[in-house]
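Student: Sharing input.cif (mmCIF, C-alpha atoms) below.
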```
data_final
loop_
_atom_site.label_atom_id
_atom_site.label_comp_id
_atom_site.auth_asym_id
_atom_site.auth_seq_id
_atom_site.Cartn_x
_atom_site.Cartn_y
_atom_site.Cartn_z
CA MET A 1 16.46 -4.70 7.99
CA SER A 2 14.56 -4.79 4.68
CA LYS A 3 12.77 -1.55 5.61
CA ALA A 4 16.11 0.10 6.35
CA ILE A 5 17.35 -1.01 2.91
CA LYS A 6 14.18 0.47 1.42
CA ALA A 7 14.98 3.77 3.17
CA LEU A 8 18.52 3.64 1.74
CA HIS A 9 17.06 2.92 -1.72
CA LEU A 10 14.84 5.98 -1.39
CA ILE A 11 17.78 8.14 -0.26
CA GLY A 12 19.80 6.87 -3.25
CA VAL A 13 16.95 7.76 -5.62
CA ILE A 14 16.61 11.21 -4.02
CA MET A 15 20.36 11.82 -4.41
CA PHE A 16 20.49 10.57 -8.02
CA PHE A 17 17.22 11.94 -9.41
CA GLY A 18 17.47 15.06 -7.25
CA SER A 19 20.93 15.86 -8.57
CA ILE A 20 19.66 15.55 -12.15
CA LEU A 21 16.95 18.09 -11.31
CA GLY A 22 19.73 20.24 -9.84
CA HIS A 23 21.70 20.00 -13.08
CA ILE A 24 18.63 21.17 -15.00
CA THR A 25 18.15 24.08 -12.59
CA VAL A 26 21.78 25.12 -13.03
CA GLY A 27 21.18 25.30 -16.78
CA LEU A 28 18.35 27.79 -16.22
CA VAL A 29 20.48 30.31 -14.30
CA PRO A 30 20.75 33.61 -16.25
CA GLY A 31 24.09 34.00 -18.03
CA VAL A 32 24.88 30.31 -18.44
CA ALA A 33 24.39 30.45 -22.22
CA ASP A 34 26.15 33.72 -22.94
CA ASP A 35 28.68 34.52 -20.21
CA PRO A 36 31.89 32.39 -20.18
CA ASN A 37 32.55 32.74 -16.44
CA THR A 38 28.95 31.91 -15.50
CA ALA A 39 29.08 28.93 -17.87
CA LEU A 40 32.30 27.69 -16.25
CA PHE A 41 30.87 28.11 -12.75
CA ALA A 42 27.77 26.15 -13.80
CA ARG A 43 29.81 23.30 -15.32
CA GLU A 44 31.99 23.14 -12.20
CA ALA A 45 28.85 23.04 -10.02
CA ILE A 46 27.49 20.16 -12.12
CA ALA A 47 30.84 18.33 -11.91
CA VAL A 48 30.93 18.69 -8.09
CA ALA A 49 27.29 17.53 -7.79
CA THR A 50 28.03 14.55 -10.07
CA THR A 51 30.91 13.50 -7.82
CA TYR A 52 29.15 13.97 -4.49
CA LEU A 53 25.51 13.22 -5.35
CA THR A 54 24.78 11.68 -8.77
CA LEU A 55 27.30 8.82 -8.75
CA PRO A 56 27.03 7.89 -5.04
CA GLY A 57 23.22 8.15 -5.30
CA LEU A 58 23.20 5.89 -8.34
CA ALA A 59 25.45 3.34 -6.60
CA LEU A 60 23.29 3.41 -3.44
CA ALA A 61 20.02 3.03 -5.39
CA LEU A 62 21.49 0.26 -7.56
CA LEU A 63 23.04 -1.79 -4.74
CA SER A 64 20.02 -1.50 -2.43
CA GLY A 65 17.70 -2.30 -5.36
CA ILE A 66 19.71 -5.41 -6.29
CA TYR A 67 19.70 -6.48 -2.62
CA MET A 68 15.92 -6.12 -2.34
CA ALA A 69 15.40 -7.98 -5.63
CA ALA A 70 17.74 -10.78 -4.53
CA LYS A 71 15.81 -11.15 -1.27
CA ARG A 72 12.65 -11.85 -3.30
CA GLY A 73 14.35 -14.78 -5.02
CA GLY A 74 12.79 -16.22 -8.19
CA SER A 75 9.56 -14.24 -7.79
CA VAL A 76 11.40 -11.20 -9.21
CA PHE A 77 11.12 -12.64 -12.71
CA ARG A 78 7.42 -13.36 -12.31
CA THR A 79 6.57 -9.85 -11.06
CA ARG A 80 6.09 -7.76 -14.17
CA TRP A 81 6.14 -4.29 -12.56
CA LEU A 82 9.44 -5.16 -10.89
CA MET A 83 10.93 -6.37 -14.17
CA LEU A 84 9.79 -3.10 -15.79
CA HIS A 85 11.29 -1.14 -12.87
CA ALA A 86 14.60 -3.00 -13.27
CA LEU A 87 14.57 -2.53 -17.05
CA PHE A 88 14.11 1.25 -16.71
CA GLY A 89 16.80 1.30 -14.04
CA THR A 90 19.23 -0.47 -16.38
CA VAL A 91 18.54 1.96 -19.24
CA ILE A 92 19.03 4.93 -16.85
CA VAL A 93 22.37 3.54 -15.64
CA LEU A 94 23.57 2.90 -19.20
CA ASN A 95 22.48 6.36 -20.36
CA ALA A 96 24.18 7.99 -17.36
CA ALA A 97 27.41 5.99 -17.61
CA LEU A 98 27.88 5.78 -21.37
CA VAL A 99 26.39 9.07 -22.56
CA LEU A 100 25.76 11.71 -19.89
CA TYR A 101 28.90 11.32 -17.77
CA PRO A 102 31.31 11.55 -20.76
CA ILE A 103 29.36 14.53 -22.18
CA GLY A 104 29.57 16.22 -18.77
CA GLN A 105 33.35 15.78 -18.72
CA GLU A 106 33.63 17.15 -22.28
CA LEU A 107 31.44 20.13 -21.37
CA LEU A 108 33.57 20.96 -18.32
CA GLU A 109 36.73 20.88 -20.47
CA ALA A 110 35.03 22.99 -23.15
CA ALA A 111 33.80 25.51 -20.53
CA LEU A 112 37.41 25.89 -19.31
CA GLN A 113 38.51 26.59 -22.88
CA VAL A 114 35.64 29.07 -23.36
CA ALA A 115 36.58 30.90 -20.14
CA LYS A 116 40.18 31.16 -21.41
CA GLY A 117 38.92 32.54 -24.72
CA ALA A 118 40.18 29.53 -26.71
CA LEU A 119 36.71 28.43 -27.85
CA PRO A 120 33.57 30.36 -28.86
CA ILE A 121 30.71 29.99 -26.36
CA ASP A 122 28.37 28.82 -29.16
CA GLN A 123 30.27 25.53 -29.27
CA LEU A 124 29.38 24.95 -25.63
CA GLY A 125 25.72 25.48 -26.52
CA ASP A 126 25.87 22.84 -29.27
CA MET A 127 27.36 20.25 -26.90
CA ALA A 128 24.87 21.17 -24.17
CA GLY A 129 22.06 20.36 -26.62
CA ARG A 130 23.14 16.71 -26.70
CA GLU A 131 23.27 16.63 -22.91
CA ALA A 132 19.80 18.19 -22.68
CA ALA A 133 18.33 15.57 -25.03
CA PHE A 134 19.80 12.53 -23.26
CA GLY A 135 19.24 14.15 -19.86
CA ALA A 136 15.55 14.62 -20.68
CA VAL A 137 15.33 10.91 -21.53
CA ASN A 138 16.69 10.07 -18.07
CA VAL A 139 14.29 12.45 -16.32
CA VAL A 140 11.30 10.86 -18.06
CA LEU A 141 12.62 7.34 -17.33
CA CYS A 142 13.20 8.26 -13.66
CA LEU A 143 9.64 9.58 -13.37
CA VAL A 144 8.19 6.44 -14.99
CA MET A 145 10.40 4.22 -12.82
CA VAL A 146 9.23 5.90 -9.60
CA PHE A 147 5.62 5.74 -10.84
CA VAL A 148 5.92 2.01 -11.56
CA ALA A 149 7.47 1.37 -8.13
CA VAL A 150 4.69 3.28 -6.36
CA VAL A 151 1.66 2.14 -8.36
CA LYS A 152 2.93 -1.42 -8.98
CA PRO A 153 0.74 -1.96 -12.07
CA ARG A 154 -0.36 -5.56 -12.64
CA ILE A 155 0.34 -5.39 -16.42
CA GLY A 156 -1.94 -8.30 -17.30
CA GLN A 157 -1.17 -10.29 -14.15
CA PRO A 158 -4.00 -11.33 -11.81
CA LYS A 159 -4.19 -9.47 -8.48
CA LEU A 160 -2.28 -11.39 -5.77
CA MET B 1 -5.81 3.38 -10.57
CA ASP B 2 -6.56 4.31 -6.98
CA ILE B 3 -6.24 7.80 -5.56
CA TYR B 4 -3.92 6.55 -2.79
CA ALA B 5 -1.27 5.47 -5.32
CA LEU B 6 -1.39 8.85 -7.05
CA MET B 7 -1.04 10.72 -3.75
CA LYS B 8 1.87 8.48 -2.75
CA PHE B 9 3.53 9.16 -6.11
CA ALA B 10 3.09 12.93 -5.60
CA HIS B 11 4.46 12.55 -2.07
CA ILE B 12 7.61 10.79 -3.28
CA ILE B 13 8.13 13.34 -6.06
CA GLY B 14 7.80 16.01 -3.35
CA PHE B 15 10.52 14.21 -1.36
CA ILE B 16 12.76 14.08 -4.44
CA LEU B 17 12.27 17.80 -5.18
CA LEU B 18 12.82 18.89 -1.58
CA GLY B 19 15.82 16.58 -1.24
CA ALA B 20 17.19 17.88 -4.54
CA GLY B 21 16.92 21.46 -3.28
CA LEU B 22 18.50 20.79 0.11
CA LEU B 23 21.35 18.71 -1.32
CA ALA B 24 22.03 21.23 -4.11
CA VAL B 25 22.14 24.03 -1.50
CA PHE B 26 24.54 21.93 0.58
CA ILE B 27 26.88 21.49 -2.40
CA SER B 28 26.58 25.15 -3.37
CA GLU B 29 27.42 26.30 0.16
CA LEU B 30 30.31 23.81 0.28
CA ARG B 31 31.76 25.53 -2.79
CA ALA B 32 31.43 28.89 -1.04
CA TYR B 33 33.28 27.54 2.01
CA ARG B 34 36.05 26.02 -0.15
CA THR B 35 36.77 28.91 -2.47
CA LYS B 36 39.31 31.70 -2.20
CA ASP B 37 37.79 33.47 -5.20
CA ILE B 38 35.29 36.23 -4.42
CA ALA B 39 33.50 35.71 -7.77
CA VAL B 40 32.89 32.02 -6.97
CA PHE B 41 31.84 33.01 -3.42
CA ALA B 42 29.20 35.42 -4.78
CA GLU B 43 28.05 33.05 -7.52
CA ALA B 44 27.59 30.23 -4.97
CA ALA B 45 25.31 32.49 -2.93
CA ARG B 46 23.23 33.17 -6.06
CA TYR B 47 22.94 29.41 -6.74
CA THR B 48 21.89 28.76 -3.15
CA ALA B 49 19.02 31.22 -3.57
CA VAL B 50 18.04 29.69 -6.93
CA PHE B 51 18.03 26.13 -5.53
CA TYR B 52 15.84 27.10 -2.58
CA ASP B 53 13.28 28.81 -4.75
CA ALA B 54 13.32 26.44 -7.75
CA LEU B 55 13.56 23.06 -6.01
CA ALA B 56 13.15 23.12 -2.22
CA LEU B 57 10.09 25.38 -2.13
CA PRO B 58 7.96 23.54 -4.76
CA GLY B 59 9.05 20.24 -3.20
CA ALA B 60 7.90 21.38 0.24
CA VAL B 61 4.54 22.53 -1.12
CA LEU B 62 3.97 19.20 -2.93
CA LEU B 63 5.11 17.22 0.10
CA ALA B 64 2.84 19.13 2.48
CA GLY B 65 -0.22 18.93 0.21
CA SER B 66 0.11 15.25 -0.63
CA GLY B 67 1.06 14.36 2.95
CA LEU B 68 -2.05 16.03 4.33
CA LEU B 69 -4.25 14.27 1.76
CA LEU B 70 -2.58 10.93 2.55
CA ILE B 71 -3.34 11.38 6.26
CA PHE B 72 -7.02 11.94 5.47
CA GLU B 73 -7.14 9.18 2.82
CA LEU B 74 -5.61 6.62 5.20
CA ASP B 75 -7.74 7.91 8.08
CA LEU B 76 -4.68 8.36 10.30
CA ALA B 77 -4.76 10.35 13.53
CA PHE B 78 -2.14 13.09 13.69
CA PHE B 79 -0.81 12.07 17.13
CA ASP B 80 -1.27 8.28 17.18
CA GLU B 81 1.83 7.02 15.41
CA PRO B 82 5.34 8.14 16.46
CA TRP B 83 6.65 8.01 12.86
CA LEU B 84 3.79 10.20 11.64
CA VAL B 85 4.23 12.75 14.44
CA ALA B 86 7.95 12.86 13.59
CA MET B 87 7.24 13.30 9.88
CA TRP B 88 4.86 16.22 10.13
CA GLY B 89 6.53 17.66 13.23
CA LEU B 90 9.99 17.78 11.68
CA PHE B 91 8.56 18.98 8.38
CA LEU B 92 6.73 21.80 10.15
CA PHE B 93 9.90 22.70 12.03
CA GLU B 94 11.91 22.76 8.77
CA LEU B 95 9.21 24.77 7.03
CA ILE B 96 9.13 27.45 9.74
CA GLU B 97 12.91 27.47 10.16
CA GLY B 98 13.43 27.48 6.38
CA ASN B 99 11.13 30.45 5.85
CA THR B 100 12.47 32.48 8.74
CA VAL B 101 16.11 31.86 9.73
CA THR B 102 17.32 30.18 6.52
CA ARG B 103 15.55 32.51 4.09
CA ILE B 104 16.80 35.61 5.91
CA GLN B 105 20.25 34.02 6.03
CA PHE B 106 20.60 33.23 2.33
CA ARG B 107 19.23 36.63 1.31
CA ARG B 108 21.78 38.24 3.63
CA THR B 109 24.55 36.01 2.25
CA LEU B 110 23.63 36.95 -1.31
CA LYS B 111 23.58 40.68 -0.51
CA LYS B 112 26.88 40.62 1.41
CA SER B 113 28.58 38.42 -1.21
CA VAL B 114 27.60 40.74 -4.06
CA GLN B 115 28.79 43.76 -2.06
CA ALA B 116 32.11 42.00 -1.35
CA ARG B 117 32.50 41.02 -5.02
CA ASP B 118 32.07 44.65 -6.02
CA GLN B 119 34.79 45.60 -3.51
CA GLY B 120 36.96 42.76 -4.88
CA ALA B 121 38.34 40.86 -1.88
CA LEU B 122 37.34 37.71 0.02
CA THR B 123 38.51 38.16 3.60
CA ASP B 124 37.68 36.24 6.77
CA ALA B 125 35.59 39.23 7.85
CA VAL B 126 33.54 39.01 4.65
CA ARG B 127 32.98 35.28 5.20
CA GLU B 128 31.84 35.82 8.79
CA GLU B 129 29.60 38.72 7.86
CA ALA B 130 27.97 36.75 5.04
CA ARG B 131 27.07 33.72 7.19
CA THR B 132 25.96 34.10 10.81
CA VAL B 133 26.39 31.26 13.33
CA LEU B 134 22.61 30.85 13.65
CA GLY B 135 22.30 30.70 9.87
CA GLN B 136 25.02 28.04 9.65
CA VAL B 137 23.34 25.93 12.34
CA ALA B 138 20.01 26.16 10.50
CA HIS B 139 21.69 25.30 7.18
CA PHE B 140 23.51 22.23 8.52
CA LEU B 141 20.33 20.99 10.25
CA ASP B 142 18.45 20.73 6.94
CA VAL B 143 19.88 17.54 5.41
CA PRO B 144 20.11 15.47 8.64
CA LEU B 145 16.52 16.32 9.65
CA PHE B 146 15.31 15.64 6.11
CA SER B 147 16.98 12.20 6.34
CA VAL B 148 15.04 11.50 9.55
CA ILE B 149 11.79 12.40 7.76
CA VAL B 150 12.68 9.97 4.93
CA TYR B 151 13.59 7.30 7.52
CA CYS B 152 10.25 7.75 9.31
CA GLY B 153 8.31 7.56 6.02
CA ALA B 154 10.10 4.46 4.73
CA VAL B 155 10.64 2.47 7.93
CA ARG B 156 7.64 3.72 9.94
CA PRO B 157 9.17 3.06 13.37
CA ASP B 158 6.39 2.43 15.89
CA SER B 159 8.35 3.29 19.03
CA TRP B 160 9.25 6.71 20.33
CA GLY B 161 12.68 5.34 21.23
CA HIS B 162 13.59 4.86 17.56
CA VAL B 163 12.28 8.28 16.58
CA VAL B 164 14.06 10.10 19.41
CA THR B 165 17.30 8.21 18.64
CA ALA B 166 17.06 9.17 14.96
CA VAL B 167 16.46 12.85 15.82
CA ALA B 168 19.31 12.83 18.36
CA LEU B 169 21.63 11.28 15.76
CA ALA B 170 20.60 13.95 13.25
CA LEU B 171 21.36 16.70 15.79
CA VAL B 172 24.81 15.21 16.42
CA VAL B 173 25.50 15.02 12.66
CA ALA B 174 24.30 18.62 12.23
CA PHE B 175 26.57 19.75 15.09
CA VAL B 176 29.58 17.95 13.58
CA LEU B 177 28.85 19.44 10.15
CA THR B 178 28.47 22.95 11.61
CA VAL B 179 31.78 22.70 13.41
CA ALA B 180 33.76 20.76 10.81
CA VAL B 181 32.68 21.86 7.32
CA PRO B 182 33.48 25.60 7.51
CA ARG B 183 36.90 24.83 9.02
CA LEU B 184 37.90 21.78 6.97
CA ALA B 185 36.61 23.11 3.66
CA ARG B 186 38.34 26.48 3.85
CA PRO B 187 41.96 25.60 2.98
CA GLY B 188 41.00 24.14 -0.42
CA SER B 189 40.08 26.04 -3.54
CA GLY B 190 36.76 26.16 -5.35
#
```
Here is a file; write its structure as structure tokens.

Tutor:
Amino acid sequence: MSKAIKALHLIGVIMFFGSILGHITVGLVPGVADDPNTALFAREAIAVATTYLTLPGLALALLSGIYMAAKRGGSVFRTRWLMLHALFGTVIVLNAALVLYPIGQELLEAALQVAKGALPIDQLGDMAGREAAFGAVNVVLCLVMVFVAVVKPRIGQPKL
Amino acid sequence: MDIYALMKFAHIIGFILLGAGLLAVFISELRAYRTKDIAVFAEAARYTAVFYDALALPGAVLLAGSGLLLIFELDLAFFDEPWLVAMWGLFLFELIEGNTVTRIQFRRTLKKSVQARDQGALTDAVREEARTVLGQVAHFLDVPLFSVIVYCGAVRPDSWGHVVTAVALALVVAFVLTVAVPRLARPGSG
């Protein structure tokens, strides 16, 4: 059972982290920065991926992670790598929910306006800059979080 | 820090990259199935090609390299453990299938979609010409078989019964997706 939950946790991480890498890849497609229709298609692709991959992946990773931590009981708080893992996870969730998701919604709305000719495309670029900065923070945090989970550093604790 | 931990980290990053590519392709193709707009249809084909080359391919290379090193590092025999046979066997199958059927398919889809966009209409004939049945089967096999590889890596089932059941389940899911997605997705709009 616990191994199956671990597999679900891994699938959740793949969906969540993988979709972020997908969002970055979409941003590299030629025409996204200077063609209104390409920009709109890209924002729609990101919105669809957020609905079907990012949010369900985050929920799956979070719930399975909480379940595995709960199964360990009080030892969770004495295991430093796990506390670090949970701390990074919390920051990633907060960044995604409070910053990146709202920016994504704003960018989709702005891309619609740009495609209709109601907004200059430069404005989309300015907003995308904020998303790129906070998105980069999440990518680095995800990498560190996976690294911590794999390596399980002792961080000053004696080897068990 | 031991070399095993670093290889395992690389292996998991490989999984994340390959999974990212396959899932992004799935979403991109879903948009192509759902749309009535020829421009979206052609753009989705371009994104499918980009996701394969930018995410799935580097992920597969990292996964294969780190997986091979892990087998040697852990001194595992290729045919001793059912989960290990399933992991490299399914990966090899996906690699060969992905670089033959799937690659030919998405290049064809891209070419036909761009031609159709230039002619300006998205008809049922254009849809059928852009995606062959074999190509669709190969496409819808990707995510279920990848899930079995993840399952084998995380759970490490030690009986052939579990592995065969997982593969059979993946084939059923792939069959259902192949039959259902193109039909159910079509009435909507992209």

Student: Using the chain letters and numbers from the file, give me the residues hit by the PyMOL selection byres ((chain B) within 8 of (chain A)), as a ChimeraX atom specification.

Tutor: /B:1,5-6,8-9,15-17,19-21,23-24,27-28,40,43,47,50-51,54-55,147,150-151,154-155

Student: Specify as a list in words each residue included when the PyMOL selection byres ((chain A and resi 110-117) around 8) is applied to this file.

Tutor: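 In the shown coordinates, the PyMOL selection byres ((chain A and resi 110-117) around 8) covers Pro36, Asn37, Ala39, Leu40, Arg43, Glu106, Leu107, Leu108, Glu109, Ala118, Leu119, Pro120, Ile121 and Leu124 of chain A.
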
Student: Might you pull out every residue within 10 Å of segment 87-95 of chain B, with all atoms listed in the file counted and same-chain residues fewer than 3 positions away left off, and present them as a PyMOL selection string?

Tutor: chain B and resi 57+60-61+63-64+67-68+78-79+81-84+98-100+102+138+141-142+145-146+148-153+156+163+167

Student: Just give me the gap between atom CA of Ala136 of chain A and atom CA of Phe77 of chain A in Å, one decimal is fine.

Tutor: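 Atom-to-atom, atom CA of Ala136 of chain A and atom CA of Phe77 of chain A are spaced 28.7 Å apart.
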
Student: Which residues are close to segment 104-108 of chain B, i.e. within 10 Å by only C-alpha atoms, leaving aside same-chain residues fewer than 3 positions away? Reply as a list in words.

Tutor: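 Counting only the stated atoms, we get Glu29, Ala45, Arg46, Thr48, Ala49, Tyr52, Glu97, Gly98, Asn99, Thr100, Val101, Lys111, Lys112, Ser113, Val114, Glu129, Ala130, Arg131, Thr132, Val133, Leu134, Gly135, Gln136, Ala138 and His139 of chain B.
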
Student: Kindly give the distance, in Å, that separates atom CA of Gln105 of chain A and atom CA of Leu18 of chain B, rounded to a single decimal.

Tutor: 26.9 Å
